[in-house]
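A.B. asks: The structure file model.csv (CSV, C-alpha atoms (C1' of nucleotides) and all ligand atoms) is provided below.
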```csv
chain,number,residue,atom,x,y,z
A,20,MET,CA,31.7,-2.1,-11.6
A,21,SER,CA,28.4,-2.4,-13.4
A,22,TYR,CA,25.7,-4.9,-13.1
A,23,VAL,CA,23.7,-3.7,-16.1
A,24,HIS,CA,24.9,-6.6,-18.2
A,25,LEU,CA,22.8,-8.9,-15.9
A,26,PHE,CA,19.7,-7.0,-16.8
A,27,ARG,CA,20.7,-7.0,-20.5
A,28,ARG,CA,21.0,-10.7,-20.3
A,29,TYR,CA,17.6,-11.1,-18.7
A,30,LEU,CA,16.0,-9.0,-21.4
A,31,ARG,CA,17.6,-11.1,-24.1
A,32,GLU,CA,16.5,-14.4,-22.4
A,33,GLN,CA,13.0,-13.0,-22.5
A,34,GLY,CA,13.2,-11.9,-26.1
A,35,LEU,CA,12.7,-8.3,-25.1
A,36,PRO,CA,14.5,-5.4,-26.8
A,37,VAL,CA,17.4,-3.8,-24.9
A,38,THR,CA,16.6,-0.1,-25.1
A,39,GLN,CA,18.5,3.0,-23.9
A,40,GLN,CA,15.7,3.8,-21.5
A,41,ARG,CA,15.8,0.4,-19.9
A,42,GLU,CA,19.5,0.5,-19.5
A,43,ALA,CA,19.4,4.0,-18.0
A,44,VAL,CA,16.8,3.1,-15.4
A,45,ALA,CA,18.7,0.0,-14.4
A,46,GLU,CA,22.0,1.9,-14.1
A,47,VAL,CA,20.4,4.5,-11.9
A,48,VAL,CA,18.9,1.9,-9.6
A,49,PHE,CA,22.0,-0.3,-9.5
A,50,GLU,CA,24.3,2.7,-8.7
A,51,SER,CA,22.1,3.8,-5.8
A,52,GLY,CA,22.5,2.2,-2.3
A,53,GLY,CA,19.1,3.2,-1.0
A,54,HIS,CA,15.4,2.4,-1.3
A,55,LEU,CA,14.3,4.6,-4.2
A,56,SER,CA,10.8,5.8,-5.1
A,57,VAL,CA,9.8,6.3,-8.7
A,58,ASP,CA,10.0,10.0,-8.2
A,59,GLU,CA,13.5,9.7,-6.9
A,60,ILE,CA,14.5,7.5,-9.9
A,61,GLU,CA,13.0,10.1,-12.3
A,62,GLY,CA,15.1,12.8,-10.5
A,63,LEU,CA,18.3,10.8,-10.8
A,64,LEU,CA,17.6,10.2,-14.5
A,65,ARG,CA,17.0,13.9,-15.1
A,66,GLU,CA,20.3,14.7,-13.3
A,67,ARG,CA,22.0,12.5,-15.8
A,68,GLY,CA,20.3,14.3,-18.7
A,69,GLU,CA,18.1,11.3,-19.6
A,70,LYS,CA,14.6,12.2,-20.6
A,71,THR,CA,12.7,9.1,-19.6
A,72,GLY,CA,8.9,9.1,-19.2
A,73,LYS,CA,7.2,8.2,-16.0
A,74,ALA,CA,5.4,5.3,-17.6
A,75,THR,CA,8.6,3.8,-18.9
A,76,VAL,CA,10.2,4.0,-15.4
A,77,TYR,CA,7.2,2.0,-14.0
A,78,ARG,CA,7.4,-0.5,-16.8
A,79,THR,CA,11.1,-1.0,-16.4
A,80,MET,CA,10.8,-1.4,-12.6
A,81,GLU,CA,8.3,-4.2,-13.2
A,82,MET,CA,10.9,-6.0,-15.4
A,83,LEU,CA,13.7,-5.5,-12.9
A,84,VAL,CA,11.5,-7.0,-10.1
A,85,LYS,CA,10.6,-9.9,-12.3
A,86,SER,CA,14.3,-10.5,-13.2
A,87,GLY,CA,15.0,-10.9,-9.5
A,88,LEU,CA,17.7,-8.2,-9.5
A,89,VAL,CA,15.5,-5.7,-7.7
A,90,ALA,CA,13.0,-5.9,-4.9
A,91,GLU,CA,9.8,-3.9,-4.4
A,92,ARG,CA,9.2,-2.4,-0.9
A,93,ASP,CA,6.3,-0.6,0.8
A,94,PHE,CA,7.1,1.4,3.8
A,95,GLY,CA,3.6,2.6,4.3
A,96,GLU,CA,4.1,5.9,2.6
A,97,GLY,CA,1.5,5.4,-0.1
A,98,PHE,CA,3.9,4.5,-2.9
A,99,LYS,CA,6.5,1.8,-3.7
A,100,ARG,CA,10.2,1.9,-3.2
A,101,TYR,CA,12.8,-0.3,-5.0
A,102,GLU,CA,16.3,-1.5,-4.1
A,103,HIS,CA,18.7,-3.7,-6.0
A,104,LEU,CA,19.8,-6.9,-4.2
A,105,PHE,CA,23.6,-6.9,-5.0
A,106,GLY,CA,25.6,-7.6,-1.9
A,107,GLN,CA,22.5,-8.1,0.2
A,108,MET,CA,20.5,-11.1,1.4
A,109,PRO,CA,17.5,-11.4,-1.0
A,110,VAL,CA,15.4,-12.2,2.1
A,111,HIS,CA,15.8,-9.2,4.4
A,112,GLY,CA,13.5,-7.1,6.4
A,113,HIS,CA,13.4,-3.5,7.5
A,114,LEU,CA,13.2,-1.5,10.7
A,115,ILE,CA,11.4,1.7,10.0
A,116,CYS,CA,11.5,4.7,12.4
A,117,GLU,CA,8.2,6.4,12.7
A,118,GLU,CA,9.9,9.5,14.0
A,119,CYS,CA,12.6,10.2,11.5
A,120,GLY,CA,11.6,7.8,8.7
A,121,GLY,CA,15.0,6.2,8.8
A,122,VAL,CA,15.3,2.6,7.5
A,123,THR,CA,17.7,-0.1,8.8
A,124,GLU,CA,18.2,-3.4,7.1
A,125,ILE,CA,17.6,-6.6,8.9
A,126,GLN,CA,19.9,-9.2,7.4
A,127,GLU,CA,19.6,-12.0,10.0
A,128,VAL,CA,19.7,-15.4,8.4
A,129,GLU,CA,17.9,-16.8,11.4
A,130,LEU,CA,14.8,-14.9,10.5
A,131,LYS,CA,14.5,-16.6,7.1
A,132,ARG,CA,15.0,-20.0,8.8
A,133,ILE,CA,12.2,-19.6,11.3
A,134,GLN,CA,9.9,-18.0,8.7
A,135,ASP,CA,10.5,-21.1,6.5
A,136,ARG,CA,9.8,-23.4,9.4
A,137,VAL,CA,6.5,-21.8,10.2
A,138,ALA,CA,5.5,-21.8,6.5
A,139,ALA,CA,6.4,-25.5,6.2
A,140,LEU,CA,4.2,-26.3,9.2
A,141,GLU,CA,1.3,-25.2,7.0
A,142,GLY,CA,2.5,-27.0,3.9
A,143,PHE,CA,3.1,-23.6,2.4
A,144,ALA,CA,5.8,-23.0,-0.2
A,145,PRO,CA,7.3,-19.5,0.3
A,146,ALA,CA,8.4,-17.4,-2.7
A,147,ARG,CA,8.6,-13.9,-1.4
A,148,TYR,CA,9.0,-12.5,2.1
A,149,ARG,CA,8.1,-9.2,3.6
A,150,LEU,CA,9.0,-8.2,7.1
A,151,GLU,CA,8.7,-4.6,8.3
A,152,ILE,CA,8.9,-3.5,11.9
A,153,PHE,CA,7.8,0.0,12.7
A,154,GLY,CA,8.9,1.8,15.8
A,155,LEU,CA,11.6,4.2,17.1
A,156,CYS,CA,15.3,4.0,15.9
A,157,ALA,CA,18.2,4.2,18.3
A,158,VAL,CA,19.0,7.7,17.3
A,159,CYS,CA,15.6,9.0,18.0
A,160,ARG,CA,15.4,7.2,21.3
A,161,ALA,CA,18.7,8.7,22.3
A,162,ALA,CA,17.3,12.1,21.4
A,163,GLY,CA,14.5,11.6,24.0
A,164,HIS,CA,11.7,10.5,21.8
A,165,GLU,CA,9.4,7.8,23.2
A,166,LEU,CA,6.9,5.3,22.1
A,167,GLU,CA,3.6,6.0,23.8
A,168,TRP,CA,0.5,3.9,23.7
A,169,LYS,CA,-2.3,6.1,22.4
A,170,GLY,CA,-4.9,3.3,22.1
A,171,LEU,CA,-7.4,1.9,24.5
A,172,SER,CA,-6.2,2.4,28.1
A,173,CYS,CA,-6.8,-1.2,29.1
A,174,PRO,CA,-6.2,-3.0,25.8
A,175,ILE,CA,-6.8,-6.7,25.0
A,176,GLU,CA,-3.9,-8.9,26.0
A,177,ARG,CA,-0.7,-8.3,23.9
A,178,VAL,CA,1.9,-10.9,23.4
B,26,MET,CA,-21.0,-11.4,22.9
B,27,SER,CA,-20.2,-7.9,21.8
B,28,TYR,CA,-17.0,-6.1,22.0
B,29,VAL,CA,-18.4,-2.7,20.9
B,30,HIS,CA,-18.3,-1.4,24.4
B,31,LEU,CA,-14.5,-1.4,24.2
B,32,PHE,CA,-14.6,0.9,21.2
B,33,ARG,CA,-17.2,3.0,23.0
B,34,ARG,CA,-14.8,3.3,25.9
B,35,TYR,CA,-12.0,4.3,23.7
B,36,LEU,CA,-14.1,7.1,22.1
B,37,ARG,CA,-15.1,8.4,25.5
B,38,GLU,CA,-11.4,8.3,26.7
B,39,GLN,CA,-10.5,10.4,23.7
B,40,GLY,CA,-13.4,12.8,24.1
B,41,LEU,CA,-14.9,11.7,20.8
B,42,PRO,CA,-18.7,11.4,20.2
B,43,VAL,CA,-20.1,7.9,20.1
B,44,THR,CA,-22.2,8.0,17.0
B,45,GLN,CA,-24.5,5.4,15.4
B,46,GLN,CA,-22.3,5.1,12.4
B,47,ARG,CA,-19.2,4.5,14.5
B,48,GLU,CA,-20.9,1.7,16.4
B,49,ALA,CA,-22.3,0.1,13.3
B,50,VAL,CA,-18.9,0.0,11.6
B,51,ALA,CA,-17.3,-1.4,14.7
B,52,GLU,CA,-20.0,-4.1,15.1
B,53,VAL,CA,-19.6,-5.2,11.5
B,54,VAL,CA,-15.9,-5.5,11.8
B,55,PHE,CA,-16.0,-7.2,15.2
B,56,GLU,CA,-18.6,-9.7,14.1
B,57,SER,CA,-16.5,-10.8,11.0
B,58,GLY,CA,-13.7,-13.3,11.3
B,59,GLY,CA,-11.9,-12.3,8.1
B,60,HIS,CA,-9.7,-9.7,6.7
B,61,LEU,CA,-12.1,-7.1,5.4
B,62,SER,CA,-11.7,-4.4,2.7
B,63,VAL,CA,-13.5,-1.1,3.0
B,64,ASP,CA,-15.8,-2.3,0.1
B,65,GLU,CA,-16.7,-5.4,2.0
B,66,ILE,CA,-17.4,-3.4,5.1
B,67,GLU,CA,-19.7,-1.2,3.1
B,68,GLY,CA,-21.5,-4.2,1.8
B,69,LEU,CA,-22.0,-5.7,5.2
B,70,LEU,CA,-23.4,-2.4,6.4
B,71,ARG,CA,-25.8,-2.2,3.5
B,72,GLU,CA,-27.0,-5.8,4.3
B,73,ARG,CA,-27.8,-4.6,7.8
B,74,GLY,CA,-29.8,-1.7,6.4
B,75,GLU,CA,-27.3,0.9,7.6
B,76,LYS,CA,-26.6,3.8,5.2
B,77,THR,CA,-23.0,4.8,6.1
B,78,GLY,CA,-21.0,6.9,3.7
B,79,LYS,CA,-17.6,5.6,2.5
B,80,ALA,CA,-15.8,8.6,4.1
B,81,THR,CA,-17.2,7.6,7.5
B,82,VAL,CA,-16.1,4.1,7.1
B,83,TYR,CA,-12.5,5.2,6.3
B,84,ARG,CA,-12.6,7.6,9.3
B,85,THR,CA,-13.9,5.0,11.6
B,86,MET,CA,-11.3,2.4,10.5
B,87,GLU,CA,-8.6,4.9,11.4
B,88,MET,CA,-10.0,5.2,14.9
B,89,LEU,CA,-10.4,1.5,15.3
B,90,VAL,CA,-6.7,1.0,14.3
B,91,LYS,CA,-5.6,3.8,16.7
B,92,SER,CA,-7.5,2.2,19.5
B,93,GLY,CA,-5.5,-1.0,19.1
B,94,LEU,CA,-8.7,-3.2,18.6
B,95,VAL,CA,-8.2,-3.6,14.9
B,96,ALA,CA,-5.1,-4.0,12.7
B,97,GLU,CA,-4.6,-2.7,9.2
B,98,ARG,CA,-3.2,-5.2,6.6
B,99,ASP,CA,-1.9,-4.9,3.1
B,100,PHE,CA,-1.8,-8.1,1.0
B,101,GLY,CA,-0.5,-6.3,-2.1
B,102,GLU,CA,-3.9,-6.0,-3.7
B,103,GLY,CA,-3.8,-2.2,-4.0
B,104,PHE,CA,-6.1,-1.6,-1.0
B,105,LYS,CA,-6.1,-2.1,2.7
B,106,ARG,CA,-7.8,-4.8,4.7
B,107,TYR,CA,-8.8,-4.8,8.4
B,108,GLU,CA,-9.2,-7.4,11.1
B,109,HIS,CA,-10.1,-7.2,14.7
B,110,LEU,CA,-7.6,-8.7,17.2
B,111,PHE,CA,-9.9,-10.4,19.6
B,112,GLY,CA,-8.7,-14.0,20.2
B,113,GLN,CA,-5.6,-13.5,18.1
B,114,MET,CA,-2.1,-12.6,18.9
B,115,PRO,CA,-1.7,-8.9,18.1
B,116,VAL,CA,1.6,-9.7,16.5
B,117,HIS,CA,0.8,-12.2,13.8
B,118,GLY,CA,1.8,-12.6,10.2
B,119,HIS,CA,0.2,-14.0,7.1
B,120,LEU,CA,0.9,-16.6,4.4
B,121,ILE,CA,-0.7,-15.5,1.2
B,122,CYS,CA,-1.2,-17.9,-1.7
B,123,GLU,CA,-0.5,-16.2,-5.0
B,124,GLU,CA,-2.5,-18.9,-6.9
B,125,CYS,CA,-5.8,-18.8,-5.0
B,126,GLY,CA,-5.5,-15.7,-2.8
B,127,GLY,CA,-6.0,-17.6,0.4
B,128,VAL,CA,-4.7,-16.2,3.6
B,129,THR,CA,-3.4,-18.3,6.5
B,130,GLU,CA,-2.6,-16.8,9.9
B,131,ILE,CA,0.9,-17.2,11.4
B,132,GLN,CA,0.5,-17.2,15.2
B,133,GLU,CA,3.9,-18.5,16.3
B,134,VAL,CA,5.2,-16.7,19.4
B,135,GLU,CA,8.7,-17.6,18.4
B,136,LEU,CA,8.5,-15.2,15.5
B,137,LYS,CA,7.8,-12.2,17.7
B,138,ARG,CA,10.7,-13.2,20.0
B,139,ILE,CA,13.3,-13.3,17.3
B,140,GLN,CA,11.9,-10.2,15.6
B,141,ASP,CA,12.3,-8.4,18.9
B,142,ARG,CA,15.8,-9.7,19.4
B,143,VAL,CA,16.9,-8.5,16.0
B,144,ALA,CA,15.4,-5.1,16.6
B,145,ALA,CA,17.1,-4.9,20.0
B,146,LEU,CA,20.4,-5.5,18.4
B,147,GLU,CA,20.0,-2.2,16.6
B,148,GLY,CA,18.7,-0.4,19.6
B,149,PHE,CA,15.3,-0.2,17.9
B,150,ALA,CA,12.1,-0.1,19.9
B,151,PRO,CA,9.4,-2.0,18.0
B,152,ALA,CA,5.8,-0.8,18.0
B,153,ARG,CA,4.1,-2.5,15.0
B,154,TYR,CA,5.0,-5.6,13.0
B,155,ARG,CA,4.3,-6.7,9.5
B,156,LEU,CA,5.2,-10.1,8.2
B,157,GLU,CA,3.8,-11.5,5.0
B,158,ILE,CA,5.0,-14.5,3.1
B,159,PHE,CA,3.8,-14.9,-0.5
B,160,GLY,CA,3.9,-18.3,-2.2
B,161,LEU,CA,1.8,-21.4,-2.8
B,162,CYS,CA,-0.6,-22.8,-0.2
B,163,ALA,CA,-0.9,-26.5,0.6
B,164,VAL,CA,-4.2,-26.9,-1.3
B,165,CYS,CA,-2.8,-25.4,-4.5
B,166,ARG,CA,0.3,-27.4,-4.2
B,167,ALA,CA,-1.7,-30.6,-3.8
B,168,ALA,CA,-3.7,-29.5,-6.9
B,169,GLY,CA,-0.5,-29.6,-8.9
B,170,HIS,CA,0.4,-25.9,-9.1
B,171,GLU,CA,4.1,-25.2,-8.8
B,172,LEU,CA,6.4,-22.2,-8.0
B,173,GLU,CA,8.6,-21.5,-11.0
B,174,TRP,CA,11.4,-19.1,-11.2
B,175,LYS,CA,10.7,-16.7,-14.0
B,176,GLY,CA,13.6,-14.3,-13.4
B,177,LEU,CA,17.3,-14.3,-14.5
B,178,SER,CA,18.4,-17.9,-15.3
B,179,CYS,CA,21.5,-17.6,-13.2
B,180,PRO,CA,20.5,-15.2,-10.5
B,181,ILE,CA,22.6,-13.6,-7.8
B,182,GLU,CA,23.1,-15.9,-4.8
B,183,ARG,CA,19.9,-16.5,-2.8
B,184,VAL,CA,19.9,-17.3,0.9
C,19,DC,C1',20.0,-0.8,-45.3
C,20,DA,C1',15.1,-2.0,-44.8
C,21,DC,C1',11.5,-4.2,-42.8
C,22,DC,C1',8.7,-5.6,-38.9
C,23,DT,C1',7.6,-5.4,-34.4
C,24,DA,C1',7.8,-3.7,-29.8
C,25,DT,C1',8.8,0.5,-27.2
C,26,DG,C1',8.4,5.3,-25.5
C,27,DG,C1',6.0,9.1,-24.0
C,28,DA,C1',2.3,12.6,-23.3
C,29,DG,C1',-1.6,12.8,-21.3
C,30,DA,C1',-6.0,10.6,-20.2
C,31,DA,C1',-8.0,7.0,-17.2
C,32,DT,C1',-8.3,4.5,-13.0
C,33,DG,C1',-9.1,3.6,-8.3
C,34,DA,C1',-8.2,3.9,-3.4
C,35,DT,C1',-8.2,7.3,-0.2
C,36,DT,C1',-8.7,12.1,1.5
C,37,DC,C1',-10.9,16.5,1.6
C,38,DT,C1',-14.8,20.0,1.6
C,39,DC,C1',-18.7,22.1,3.6
C,40,DA,C1',-23.5,22.6,4.8
C,41,DA,C1',-27.0,19.9,7.1
C,42,DT,C1',-27.4,17.1,11.3
C,43,DA,C1',-26.4,14.4,15.4
C,44,DT,C1',-24.1,14.4,20.0
C,45,DC,C1',-22.8,16.2,24.3
C,46,DT,C1',-23.1,19.1,28.3
C,47,DA,C1',-25.0,22.0,31.5
C,48,DA,C1',-28.9,24.2,33.2
D,13,DT,C1',-35.6,17.7,28.8
D,14,DT,C1',-34.0,21.5,26.3
D,15,DA,C1',-30.8,24.8,24.3
D,16,DG,C1',-26.5,26.0,22.6
D,17,DA,C1',-21.9,24.8,21.5
D,18,DT,C1',-19.3,21.6,18.9
D,19,DA,C1',-18.1,17.6,16.2
D,20,DT,C1',-19.8,14.4,12.7
D,21,DT,C1',-21.9,13.0,8.2
D,22,DG,C1',-22.0,12.2,3.4
D,23,DA,C1',-22.1,13.4,-1.5
D,24,DG,C1',-19.2,14.5,-4.5
D,25,DA,C1',-14.8,16.8,-5.7
D,26,DA,C1',-9.8,16.5,-5.2
D,27,DT,C1',-5.6,14.0,-4.8
D,28,DC,C1',-2.1,11.1,-6.2
D,29,DA,C1',0.2,6.7,-7.4
D,30,DT,C1',-0.2,3.8,-11.0
D,31,DT,C1',-1.9,2.0,-15.4
D,32,DC,C1',-3.6,2.6,-20.0
D,33,DT,C1',-3.8,4.4,-25.0
D,34,DC,C1',-2.0,5.2,-29.3
D,35,DC,C1',1.1,6.5,-32.8
D,36,DA,C1',5.7,8.2,-33.9
D,37,DT,C1',10.1,5.9,-33.5
D,38,DA,C1',13.9,2.8,-31.9
D,39,DG,C1',15.6,-2.0,-31.8
D,40,DG,C1',16.3,-6.5,-33.9
D,41,DT,C1',17.2,-9.4,-37.9
D,42,DG,C1',19.3,-10.7,-42.0
A,201,MN,MN,16.5,-3.0,2.1
A,202,MN,MN,-4.8,-12.0,10.3
A,203,ZN,ZN,14.5,7.7,14.0
A,204,ZN,ZN,-3.8,-21.5,-2.8
```
Starting from the coordinates I provided, produce the structure as structure tokens.
Ligand SMILES: [Mn+2]
Ligand SMILES: [Mn+2]
Ligand SMILES: [Zn+2]
Ligand SMILES: [Zn+2]

C.D. replies:
Amino acid sequence: MSYVHLFRRYLREQGLPVTQQREAVAEVVFESGGHLSVDEIEGLLRERGEKTGKATVYRTMEMLVKSGLVAERDFGEGFKRYEHLFGQMPVHGHLICEECGGVTEIQEVELKRIQDRVAALEGFAPARYRLEIFGLCAVCRAAGHELEWKGLSCPIERV
Amino acid sequence: MSYVHLFRRYLREQGLPVTQQREAVAEVVFESGGHLSVDEIEGLLRERGEKTGKATVYRTMEMLVKSGLVAERDFGEGFKRYEHLFGQMPVHGHLICEECGGVTEIQEVELKRIQDRVAALEGFAPARYRLEIFGLCAVCRAAGHELEWKGLSCPIERV
DNA sequence: CACCTATGGAGAATGATTCTCAATATCTAA
DNA sequence: TTAGATATTGAGAATCATTCTCCATAGGTG
């Protein structure tokens, strides 16, 4: 099934033209399950025979994020990644393996609850959450890789 | 009191020369309480009469982060910020006000515990944590600012 | 269909970060 | 303390993701 009609509706609500390029970008993102970079989105568009300029992809991603249908991520690679939120909790974090680069979703509701509680303590109204935990995934651990502390030998106290 | 001797120790442990520039950068960062950008660090060095090149600041920040004495942050501004970890929990998050840009520290131990629990469920070994919550701070709320949903009018379910 | 306006795209511009390389500063051992 | 071996510095070039510019063209309206 297609979710593009939701993006179309958003564009109309905002009085923005529904163009072929905008629909193509949304389709490619909605059909993918992963966390896509702009380069990867361009590649998928090319595979489908669409000739969409890089600037248009960037502009459309901005709209998709504003619409709330897509979230922007940063896994510390030097560029952004995007994922649609269909079938996912809009507030979810990521476990990122520093060995293999694999990404695992954190979908625990409990995490949002405590984050909200802490924010409320400060009188803060949360709008957007970002949680990323970098380390070693189960597969890489099983393969014998290990985390090793390469910093100061007797560091300041760690919690 | 000065913490620079810890960085000096780290450099010696790694067999790296202790240079005037490295000490100057560490001093400036250790003496500041905030979340500093590379530009701000350069400014502070200039105020002290040090002539340290931008490249050296970047290189030294990388070492300070590797040593574990300093953490790298990204508040979505398009550049990195750095803070020393003396007197703070090494695992702490940030509340970032989208109206005024203010940053509040989240020092709750409970947050690390549940993050670790969730990671453990996946067999993941955590090494580095990043939690940022964007929204409206108490001051801006009191001043009448409000969060408003500008996305799709009838969005997908939100948790 | 025809008009008006906003978009699309190629390539230039931007800006943070990294790289290059010759002139120095640091380290070590005598 | 000095000399020699080695690593660092810093100015500016290079990189690279992202944004901007501008005009030919597509989308919306009636
Ligand atoms: Mn995800
Ligand atoms: Mn902090
Ligand atoms: Zn892995
Ligand atoms: Zn504020």

A.B. asks: Residues up to 12 Å from ligand MN 201 (chain A), counting all atoms listed in the file: could you list those as number ranges by chain?

C.D. replies: A: 51-55, 89-94, 100-115, 121-126, 149-151

A.B. asks: Could you please give me, as an MDAnalysis selection string, the residues of protein, DNA or RNA lying at most 12 Å from (10.7, -5.1, -13.2) in the coordinate frame of the file, considering all atoms listed in the file?

C.D. replies: (chainID A and resid 26 29:30 41 44:45 48 75:91 101:103) or (chainID B and resid 175:177)

A.B. asks: Considering only C-alpha atoms (C1' of nucleotides), extract the chain B residues located within 9 Å of chain C and return them as a list in words.

C.D. replies: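 Applying the cut-off to the listed atoms yields Pro42, Val43, Thr44, Ala80, Tyr83, Gly103, Phe104 and Lys105 of chain B.
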
A.B. asks: Go through chain D and flag each residue having an atom no more than 9 Å from chain A; for those, report the closest pair of atoms plus their distance in Å to one decimal, using only C-alpha atoms (C1' of nucleotides), ordered by chain and rising number, as a Markdown table.

C.D. replies:
```
| residue | atom | partner | partner_atom | distance |
| --- | --- | --- | --- | --- |
| D:DA29 | C1' | A:Phe98 | CA | 6.2 |
| D:DT30 | C1' | A:Tyr77 | CA | 8.2 |
| D:DT31 | C1' | A:Ala74 | CA | 8.3 |
| D:DA38 | C1' | A:Thr38 | CA | 7.9 |
| D:DG39 | C1' | A:Pro36 | CA | 6.1 |
| D:DG40 | C1' | A:Pro36 | CA | 7.4 |
```

A.B. asks: Pick out the closest residue to chain A from this set: B:Gly126, B:Trp174, B:Ala167, B:Cys162. Count all atoms listed in the file.

C.D. replies: B:Cys162

A.B. asks: Pick out the closest residue to Ala163 (chain B) from this set: A:Cys173, A:Ala139, A:Ile133, A:Cys116. Count only C-alpha atoms.

C.D. replies: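 Looking only at the distances to Ala163 (chain B), the closest residue turns out to be A:Ala139.
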
A.B. asks: Would you please work out which residue, of B:Glu56, B:Glu124, B:Glu38, B:Glu67, is nearest to chain A when using all atoms listed in the file?

C.D. replies: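 Answer, going by the shortest atom-to-atom distance: B:Glu38.
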
A.B. asks: For a quick check of understanding, using all atoms listed in the file, which of B:Val143, B:Ala150, B:Leu69, B:Leu161 has the smallest distance to ligand ZN 203 (chain A)?

C.D. replies: B:Ala150

A.B. asks: Any chance you could tabulate, as CSV, the residues of chain A at most 12 Å from ligand ZN 204 (chain A) with each one's nearest atom pair and distance in Å to one decimal, using only C-alpha atoms and all ligand atoms, in chain and rising number order?

C.D. replies:
```
residue,atom,partner,partner_atom,distance
A:Glu141,CA,A:ZN204,ZN,11.7
A:Gly142,CA,A:ZN204,ZN,10.7
A:Phe143,CA,A:ZN204,ZN,8.9
A:Ala144,CA,A:ZN204,ZN,10.1
A:Pro145,CA,A:ZN204,ZN,11.7
```

A.B. asks: For the atom pair CA of Glu129 (chain A) and CA of Phe153 (chain A), what is the interatomic distance in Å to one decimal place?

C.D. replies: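 Separation of CA of Glu129 (chain A) and CA of Phe153 (chain A): 19.6 Å.
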
A.B. asks: Export region 170-174 of chain A of the preceding structure, keeping all heavy atoms, as an mmCIF file, in the first residue's frame.

C.D. replies:
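Result saved to part-v7.cif:
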```cif
data_model
loop_
_atom_site.group_PDB
_atom_site.id
_atom_site.type_symbol
_atom_site.label_atom_id
_atom_site.label_comp_id
_atom_site.auth_asym_id
_atom_site.auth_seq_id
_atom_site.Cartn_x
_atom_site.Cartn_y
_atom_site.Cartn_z
ATOM 1 N N GLY A 170 41.336 5.734 26.367
ATOM 2 C CA GLY A 170 41.568 7.061 26.935
ATOM 3 C C GLY A 170 42.573 7.037 28.071
ATOM 4 O O GLY A 170 43.395 6.130 28.178
ATOM 5 N N LEU A 171 42.477 8.038 28.924
ATOM 6 C CA LEU A 171 43.372 8.170 30.069
ATOM 7 C C LEU A 171 43.260 6.930 30.943
ATOM 8 O O LEU A 171 42.184 6.463 31.247
ATOM 9 C CB LEU A 171 42.965 9.426 30.843
ATOM 10 C CG LEU A 171 43.941 9.982 31.861
ATOM 11 C CD1 LEU A 171 45.295 10.213 31.225
ATOM 12 C CD2 LEU A 171 43.373 11.255 32.438
ATOM 13 N N SER A 172 44.423 6.406 31.378
ATOM 14 C CA SER A 172 44.424 5.123 32.091
ATOM 15 C C SER A 172 43.626 5.178 33.383
ATOM 16 O O SER A 172 42.967 4.217 33.750
ATOM 17 C CB SER A 172 45.859 4.711 32.384
ATOM 18 O OG SER A 172 46.484 5.717 33.151
ATOM 19 N N CYS A 173 43.696 6.288 34.117
ATOM 20 C CA CYS A 173 42.933 6.406 35.364
ATOM 21 C C CYS A 173 41.986 7.572 35.220
ATOM 22 O O CYS A 173 42.265 8.672 35.685
ATOM 23 C CB CYS A 173 43.869 6.628 36.546
ATOM 24 S SG CYS A 173 43.007 6.966 38.077
ATOM 25 N N PRO A 174 40.897 7.363 34.513
ATOM 26 C CA PRO A 174 40.035 8.487 34.139
ATOM 27 C C PRO A 174 39.276 9.052 35.324
ATOM 28 O O PRO A 174 39.276 8.469 36.404
ATOM 29 C CB PRO A 174 39.074 7.851 33.140
ATOM 30 C CG PRO A 174 38.989 6.427 33.557
ATOM 31 C CD PRO A 174 40.330 6.075 34.147
#
```
